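The structure appears right after this line, and notes come after that.
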Amino acid sequence: MTSLVDPFGRSINYLRLSVTDRCDLRCFYCMPEGFNDFEVPEHWLTVGEIERLVGVMAEMGLKHVRITGGEPLVRRGIEDIVRSIDALPQIRDIALSTNATRLAKMAEPLKAAGVDRINVSLDTLDPERFRRITQGKLDKVLSGLMAAKAAGIAPIKINMVVMKGINEDDVESVLEFCIEHGFVLRMIETMPMGDTGRDAIDHYVSLQDIKKRLAERYPLIPVINPVDGAGPARYLQVAGTETQIGFITPMSEHFCGTCNRVRLSVDGTMYMCLGQEHNFSFRPLLRKGIPDDELKAALISAIGLKPERHEFQDKPEKVIRFMSMTGG
Ligand code: SAM
Ligand code: SF4
């Protein structure tokens, strides 16, 4: 067998590629304040190693790549990584998840290198709340977003982690902002990833409740062609606008049955599930220079480790990695 099919019959055609575990923000639900224990540069997969592994996966059925981190735009040479993946004929689209702090300068070069779509984290439009959540400055993110829009990157999706007592009442203002600019809104439930995520679980809100609230205020209709074919969000559209609203509900309604993805962290460890530890380390094999057929066999063994589902609800203490380590 040469294609990537897991023990539960799911075809794996989507890779979330973390190009760094570093970040210039410190969202409290993601990375511990003052955290500094990052992967050493010698352990980062090089552009060539990424290109080789993704290239072999593409021969085995990989179609979608999302570049993430940490904050992917803090990795020097990010355009080279994008270009090398864009050159692979089997890859249909390259998406990027970013906090947008560096996007004002980088939107155009990234688009030219091959980025098709972006997701930008934005939990509030209130500068003081933004600072409290992320330790960063909102105006940088807004200029980054406008630069991406001006560069013609589309769709642009806003990722908003909705949290009780933090930004639950910001949903409508962020939605209005998305309607004004033609962005997609994707709301995410807080997940118990690492100590940071577990602490943030105190602020957990079910998006089922938010959906009901929005339905009372906006005419929401089902979406026939969701903007996010390869992802886990379930979409509704605000009637009379271009804006789709995605609900990512790992906690209240998990979507593991249709999971099509694995994650590669910056050090070359492939994680089979966001909420489990099953992993396979590719760096030693790549550095040994093993031939393609052995690399393919290793990939099949790795995918064979993919568990059926996460256990965020039943065993929230299970995941010791926080989100920026795995690649969210
Ligand atoms: N730095 C980029 C960004 O913020 O978009 C990419 C990496 S970030 C880890 C990817 C996504 O994970 C972000 O949308 C962030 O909000 C989300 N995230 C981080 N920790 C989370 C948690 N504990 N629960 C839910 N989402 C989380
Ligand atoms: Fe950085 Fe993204 Fe994590 Fe925020 S969510 S700390 S921007 S990696």
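Just so we're on the same page: first chain in the structure tokens is A, next is B, and so on; residues restart at 1 for each chain, and ligands are numbered from 1 in the order they show up.
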(message) To check your reading of the model: which residues sit at most 7 Å from ligand 1 when counting only C-alpha atoms and all ligand atoms? Write the answer as a PyMOL selection string.
(response) chain A and resi 23+29-30+68-72+97-99+119-121+159-161+188-193+196-197+200+322-324+327-328
All residues 10 Å or closer to region 40-56 of chain A, only C-alpha atoms, same chain fewer than 3 positions away omitted, as a compact mmCIF listing (two decimals) with all heavy atoms, in the first residue's frame:
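To be explicit, this is the file written out as result.txt:
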# COMPACT_ATOMS: atom_id res chain seq x y z
N LEU A 15 -1.82 18.14 5.95
CA LEU A 15 -0.72 18.27 6.91
C LEU A 15 -0.71 19.66 7.51
O LEU A 15 -0.76 20.66 6.78
CB LEU A 15 0.62 18.03 6.20
CG LEU A 15 1.87 18.23 7.07
CD1 LEU A 15 1.99 17.13 8.13
CD2 LEU A 15 3.14 18.25 6.20
N LEU A 17 1.77 21.94 9.19
CA LEU A 17 3.22 21.98 9.26
C LEU A 17 3.67 23.14 10.15
O LEU A 17 3.49 24.31 9.79
CB LEU A 17 3.74 22.20 7.83
CG LEU A 17 5.22 22.45 7.64
CD1 LEU A 17 6.01 21.20 8.00
CD2 LEU A 17 5.51 22.86 6.20
N SER A 18 4.22 22.80 11.31
CA SER A 18 4.70 23.85 12.20
C SER A 18 6.15 24.18 11.84
O SER A 18 7.01 23.30 11.89
CB SER A 18 4.62 23.39 13.66
OG SER A 18 5.23 24.36 14.48
N VAL A 19 6.41 25.44 11.50
CA VAL A 19 7.75 25.82 11.08
C VAL A 19 8.55 26.45 12.21
O VAL A 19 9.74 26.74 12.06
CB VAL A 19 7.73 26.76 9.85
CG1 VAL A 19 7.17 26.02 8.64
CG2 VAL A 19 6.92 28.03 10.13
N THR A 20 7.91 26.67 13.35
CA THR A 20 8.61 27.16 14.54
C THR A 20 7.71 26.95 15.75
O THR A 20 6.49 26.92 15.61
CB THR A 20 8.97 28.66 14.43
OG1 THR A 20 9.66 29.06 15.62
CG2 THR A 20 7.74 29.54 14.27
N ASP A 21 8.34 26.80 16.94
CA ASP A 21 7.52 26.77 18.16
C ASP A 21 7.61 28.11 18.88
O ASP A 21 7.10 28.28 19.97
CB ASP A 21 7.95 25.62 19.08
CG ASP A 21 9.43 25.67 19.46
OD1 ASP A 21 10.20 26.45 18.84
OD2 ASP A 21 9.82 24.93 20.37
N ASP A 37 11.53 27.86 26.75
CA ASP A 37 12.17 26.57 26.54
C ASP A 37 11.89 26.06 25.12
O ASP A 37 11.21 25.07 24.92
CB ASP A 37 11.62 25.60 27.60
CG ASP A 37 12.38 24.29 27.60
OD1 ASP A 37 13.48 24.24 27.02
OD2 ASP A 37 11.85 23.32 28.16
N GLU A 59 3.34 12.42 -2.81
CA GLU A 59 3.24 11.24 -3.70
C GLU A 59 2.30 10.19 -3.13
O GLU A 59 1.82 9.32 -3.84
CB GLU A 59 4.63 10.60 -3.88
CG GLU A 59 5.56 11.43 -4.74
CD GLU A 59 6.98 10.86 -4.75
OE1 GLU A 59 7.17 9.67 -4.38
OE2 GLU A 59 7.90 11.62 -5.11
N MET A 60 2.04 10.29 -1.82
CA MET A 60 1.18 9.29 -1.16
C MET A 60 -0.24 9.83 -0.89
O MET A 60 -0.97 9.24 -0.10
CB MET A 60 1.84 8.85 0.15
CG MET A 60 3.19 8.22 -0.06
SD MET A 60 4.03 7.92 1.51
CE MET A 60 3.24 6.40 2.05
N GLY A 61 -0.58 10.96 -1.46
CA GLY A 61 -1.97 11.42 -1.34
C GLY A 61 -2.17 12.73 -0.61
O GLY A 61 -3.31 13.22 -0.49
N LEU A 62 -1.08 13.34 -0.10
CA LEU A 62 -1.26 14.62 0.58
C LEU A 62 -1.68 15.70 -0.42
O LEU A 62 -1.10 15.81 -1.49
CB LEU A 62 0.07 15.03 1.24
CG LEU A 62 0.00 16.28 2.10
CD1 LEU A 62 -0.75 16.00 3.40
CD2 LEU A 62 1.40 16.80 2.42
N LYS A 63 -2.71 16.49 -0.05
CA LYS A 63 -3.21 17.51 -0.98
C LYS A 63 -3.21 18.91 -0.38
O LYS A 63 -3.14 19.90 -1.09
CB LYS A 63 -4.64 17.18 -1.38
CG LYS A 63 -4.76 15.92 -2.21
CD LYS A 63 -6.20 15.75 -2.70
CE LYS A 63 -6.30 14.62 -3.69
NZ LYS A 63 -5.94 13.33 -3.11
N VAL A 65 -1.81 21.65 2.65
CA VAL A 65 -0.82 21.95 3.69
C VAL A 65 -1.20 23.27 4.35
O VAL A 65 -1.50 24.25 3.66
CB VAL A 65 0.61 22.07 3.11
CG1 VAL A 65 1.61 22.48 4.19
CG2 VAL A 65 1.05 20.75 2.47
N GLY A 77 13.11 32.95 6.40
CA GLY A 77 13.07 32.09 5.21
C GLY A 77 11.73 31.41 5.01
O GLY A 77 11.63 30.45 4.25
N ILE A 78 10.69 31.92 5.66
CA ILE A 78 9.37 31.30 5.53
C ILE A 78 8.92 31.28 4.06
O ILE A 78 8.30 30.31 3.61
CB ILE A 78 8.33 32.02 6.45
CG1 ILE A 78 6.92 31.43 6.29
CG2 ILE A 78 8.25 33.50 6.24
CD1 ILE A 78 6.76 30.09 6.90
N ASP A 80 10.75 30.79 1.50
CA ASP A 80 11.39 29.66 0.80
C ASP A 80 10.63 28.36 1.08
O ASP A 80 10.50 27.51 0.21
CB ASP A 80 12.85 29.49 1.27
CG ASP A 80 13.67 30.72 0.95
OD1 ASP A 80 13.31 31.43 -0.01
OD2 ASP A 80 14.66 30.98 1.67
N ILE A 81 10.16 28.23 2.34
CA ILE A 81 9.40 27.02 2.68
C ILE A 81 8.12 26.97 1.85
O ILE A 81 7.77 25.95 1.26
CB ILE A 81 9.10 26.99 4.21
CG1 ILE A 81 10.40 26.90 4.99
CG2 ILE A 81 8.14 25.85 4.55
CD1 ILE A 81 10.25 26.95 6.52
N VAL A 82 7.42 28.13 1.79
CA VAL A 82 6.17 28.18 1.01
C VAL A 82 6.45 27.84 -0.45
O VAL A 82 5.77 27.01 -1.06
CB VAL A 82 5.51 29.59 1.12
CG1 VAL A 82 4.29 29.67 0.21
CG2 VAL A 82 5.12 29.89 2.56
N ARG A 83 7.51 28.45 -1.00
CA ARG A 83 7.82 28.23 -2.43
C ARG A 83 8.11 26.76 -2.71
O ARG A 83 7.66 26.20 -3.70
CB ARG A 83 9.03 29.07 -2.83
CG ARG A 83 8.66 30.26 -3.73
CD ARG A 83 9.90 30.92 -4.32
NE ARG A 83 10.84 31.36 -3.30
CZ ARG A 83 10.77 32.53 -2.67
NH1 ARG A 83 9.84 33.40 -2.99
NH2 ARG A 83 11.65 32.86 -1.75
N SER A 84 8.85 26.11 -1.79
CA SER A 84 9.22 24.71 -2.05
C SER A 84 7.98 23.82 -2.03
O SER A 84 7.89 22.84 -2.78
CB SER A 84 10.28 24.23 -1.05
OG SER A 84 9.69 24.11 0.22
N ILE A 85 7.00 24.15 -1.20
CA ILE A 85 5.77 23.33 -1.16
C ILE A 85 4.90 23.65 -2.36
O ILE A 85 4.29 22.76 -2.97
CB ILE A 85 5.02 23.56 0.17
CG1 ILE A 85 5.90 23.10 1.34
CG2 ILE A 85 3.68 22.83 0.18
CD1 ILE A 85 5.37 23.47 2.70
N ASP A 86 4.88 24.92 -2.73
CA ASP A 86 4.07 25.35 -3.88
C ASP A 86 4.53 24.67 -5.17
O ASP A 86 3.75 24.47 -6.10
CB ASP A 86 4.15 26.88 -4.01
CG ASP A 86 3.13 27.43 -4.98
OD1 ASP A 86 1.94 27.06 -4.85
OD2 ASP A 86 3.51 28.19 -5.89
N ALA A 87 5.82 24.30 -5.19
CA ALA A 87 6.36 23.67 -6.40
C ALA A 87 5.90 22.22 -6.55
O ALA A 87 6.10 21.61 -7.60
CB ALA A 87 7.89 23.73 -6.36
N LEU A 88 5.29 21.64 -5.50
CA LEU A 88 4.87 20.24 -5.59
C LEU A 88 3.52 20.16 -6.32
O LEU A 88 2.54 20.74 -5.86
CB LEU A 88 4.72 19.63 -4.18
CG LEU A 88 6.00 19.64 -3.33
CD1 LEU A 88 5.68 19.30 -1.88
CD2 LEU A 88 7.01 18.64 -3.91
N PRO A 89 3.47 19.45 -7.45
CA PRO A 89 2.26 19.50 -8.26
C PRO A 89 1.03 18.92 -7.58
O PRO A 89 -0.09 19.34 -7.86
CB PRO A 89 2.63 18.64 -9.49
CG PRO A 89 3.83 17.86 -9.09
CD PRO A 89 4.53 18.61 -8.03
N GLN A 90 1.21 17.99 -6.63
CA GLN A 90 0.04 17.35 -6.02
C GLN A 90 -0.63 18.25 -4.98
O GLN A 90 -1.77 17.99 -4.58
CB GLN A 90 0.44 16.04 -5.31
CG GLN A 90 1.08 15.00 -6.21
CD GLN A 90 2.61 15.13 -6.19
OE1 GLN A 90 3.18 16.18 -5.88
NE2 GLN A 90 3.29 14.05 -6.56
N ILE A 91 0.08 19.26 -4.49
CA ILE A 91 -0.48 20.08 -3.41
C ILE A 91 -1.45 21.11 -4.00
O ILE A 91 -1.04 21.98 -4.79
CB ILE A 91 0.64 20.77 -2.59
CG1 ILE A 91 1.56 19.72 -1.96
CG2 ILE A 91 0.05 21.70 -1.51
CD1 ILE A 91 0.91 18.77 -0.98
N LEU A 264 3.01 18.09 11.89
CA LEU A 264 4.47 17.92 11.96
C LEU A 264 5.04 19.10 12.73
O LEU A 264 4.84 20.26 12.35
CB LEU A 264 5.05 17.90 10.54
CG LEU A 264 6.52 17.54 10.43
CD1 LEU A 264 6.77 16.08 10.84
CD2 LEU A 264 7.02 17.75 8.99
N SER A 265 5.71 18.80 13.85
CA SER A 265 6.26 19.91 14.64
C SER A 265 7.63 20.30 14.08
O SER A 265 8.19 19.60 13.24
CB SER A 265 6.30 19.55 16.12
OG SER A 265 7.20 18.51 16.30
N VAL A 266 8.16 21.44 14.57
CA VAL A 266 9.37 22.00 13.98
C VAL A 266 10.56 21.05 14.04
O VAL A 266 11.45 21.09 13.18
CB VAL A 266 9.69 23.37 14.63
CG1 VAL A 266 10.04 23.22 16.11
CG2 VAL A 266 10.81 24.09 13.89
N ASP A 267 10.57 20.14 15.04
CA ASP A 267 11.71 19.23 15.18
C ASP A 267 11.52 17.94 14.39
O ASP A 267 12.29 16.99 14.55
CB ASP A 267 11.95 18.91 16.67
CG ASP A 267 10.84 18.07 17.26
OD1 ASP A 267 9.78 17.92 16.62
OD2 ASP A 267 11.02 17.56 18.38
N GLY A 268 10.48 17.88 13.57
CA GLY A 268 10.30 16.70 12.72
C GLY A 268 9.51 15.58 13.38
O GLY A 268 9.47 14.47 12.86
N THR A 269 8.87 15.87 14.53
CA THR A 269 8.02 14.86 15.15
C THR A 269 6.63 14.98 14.57
O THR A 269 6.06 16.09 14.55
CB THR A 269 7.92 15.07 16.69
OG1 THR A 269 9.24 15.16 17.21
CG2 THR A 269 7.16 13.93 17.35
N PHE A 282 10.62 11.92 12.54
CA PHE A 282 11.18 11.78 11.20
C PHE A 282 12.58 12.38 11.06
O PHE A 282 13.29 12.08 10.11
CB PHE A 282 10.24 12.39 10.15
CG PHE A 282 9.11 11.46 9.81
CD1 PHE A 282 7.89 11.58 10.47
CD2 PHE A 282 9.27 10.44 8.90
CE1 PHE A 282 6.85 10.69 10.19
CE2 PHE A 282 8.26 9.55 8.62
CZ PHE A 282 7.04 9.68 9.28
N ARG A 283 12.98 13.25 12.00
CA ARG A 283 14.27 13.94 11.82
C ARG A 283 15.44 12.97 11.69
O ARG A 283 16.25 13.09 10.76
CB ARG A 283 14.50 14.95 12.95
CG ARG A 283 15.69 15.86 12.67
CD ARG A 283 15.92 16.88 13.78
NE ARG A 283 16.52 16.31 14.95
CZ ARG A 283 15.96 16.29 16.15
NH1 ARG A 283 14.79 16.83 16.36
NH2 ARG A 283 16.57 15.74 17.17
N PRO A 284 15.55 11.96 12.58
CA PRO A 284 16.70 11.05 12.45
C PRO A 284 16.72 10.35 11.09
O PRO A 284 17.79 10.19 10.50
CB PRO A 284 16.48 10.03 13.57
CG PRO A 284 15.48 10.63 14.50
CD PRO A 284 14.70 11.64 13.74
N LEU A 286 15.43 11.44 8.23
CA LEU A 286 15.78 12.40 7.17
C LEU A 286 17.27 12.70 7.20
O LEU A 286 17.92 12.79 6.17
CB LEU A 286 14.97 13.69 7.35
CG LEU A 286 13.46 13.57 7.09
CD1 LEU A 286 12.71 14.78 7.63
CD2 LEU A 286 13.20 13.41 5.59
N ARG A 287 17.83 12.81 8.42
CA ARG A 287 19.26 13.17 8.53
C ARG A 287 20.17 12.00 8.17
O ARG A 287 21.32 12.20 7.80
CB ARG A 287 19.56 13.71 9.93
CG ARG A 287 18.74 14.97 10.19
CD ARG A 287 19.38 16.08 10.92
NE ARG A 287 18.57 17.28 10.70
CZ ARG A 287 18.39 18.27 11.54
NH1 ARG A 287 19.00 18.25 12.71
NH2 ARG A 287 17.64 19.30 11.23
N GLY A 289 19.44 10.19 5.71
CA GLY A 289 19.35 10.13 4.24
C GLY A 289 18.74 8.84 3.73
O GLY A 289 19.20 8.29 2.72
N ASP A 292 13.68 6.90 -0.58
CA ASP A 292 12.25 7.20 -0.61
C ASP A 292 11.37 6.01 -0.19
O ASP A 292 10.39 6.19 0.52
CB ASP A 292 11.82 7.64 -2.03
CG ASP A 292 12.12 9.12 -2.25
OD1 ASP A 292 12.76 9.74 -1.37
OD2 ASP A 292 11.71 9.65 -3.31
N ASP A 293 11.74 4.79 -0.65
CA ASP A 293 10.85 3.66 -0.30
C ASP A 293 10.84 3.42 1.20
O ASP A 293 9.80 3.11 1.79
CB ASP A 293 11.21 2.39 -1.10
CG ASP A 293 12.66 1.98 -0.91
OD1 ASP A 293 13.47 2.85 -0.51
OD2 ASP A 293 12.99 0.81 -1.14
N LEU A 295 11.35 5.79 3.45
CA LEU A 295 10.61 6.92 4.03
C LEU A 295 9.10 6.68 3.90
O LEU A 295 8.32 6.94 4.82
CB LEU A 295 11.03 8.21 3.32
CG LEU A 295 10.63 9.54 3.96
CD1 LEU A 295 11.00 9.61 5.43
CD2 LEU A 295 11.28 10.71 3.20
N LYS A 296 8.70 6.12 2.76
CA LYS A 296 7.27 5.81 2.56
C LYS A 296 6.81 4.75 3.56
O LYS A 296 5.73 4.86 4.14
CB LYS A 296 7.02 5.32 1.13
CG LYS A 296 7.01 6.47 0.15
CD LYS A 296 6.66 6.04 -1.27
CE LYS A 296 6.67 7.28 -2.17
NZ LYS A 296 6.72 7.02 -3.57
N LEU A 299 6.35 6.37 6.85
CA LEU A 299 5.12 7.17 6.89
C LEU A 299 3.90 6.28 7.12
O LEU A 299 3.00 6.61 7.89
CB LEU A 299 4.97 7.98 5.59
CG LEU A 299 5.77 9.27 5.56
CD1 LEU A 299 5.98 9.77 4.14
CD2 LEU A 299 5.09 10.37 6.40
(request) Could you give me, as a PyMOL selection string, each residue of region 3-224 of chain A that DSSP assigns to strand (DSSP E) when run on this structure's backbone? (result) chain A and resi 14-18+64-68+93-98+117-121+156-161+184-188+220-222
(request) Identify which of the residues A:Ile245, A:Ile12, A:Ile153, A:Ile133 lies closest to ligand 2, counting only C-alpha atoms and all ligand atoms when measuring atom-to-atom distances. (result)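 Smallest distance to ligand 2 is found for A:Ile133.
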(request) List every residue of region 88-150 of chain A that DSSP, applied to the backbone, labels as alpha helix (DSSP H), and write the result as a PyMOL selection string. (result) chain A and resi 103-113+127-134+138-150
(request) For each of A:Ser143, A:Asn225, A:Asn167, A:Gln276, take the minimum atom-to-atom distance to Phe130 (chain A), counting only C-alpha atoms, then give the residue where this is smallest. (result) A:Asn167
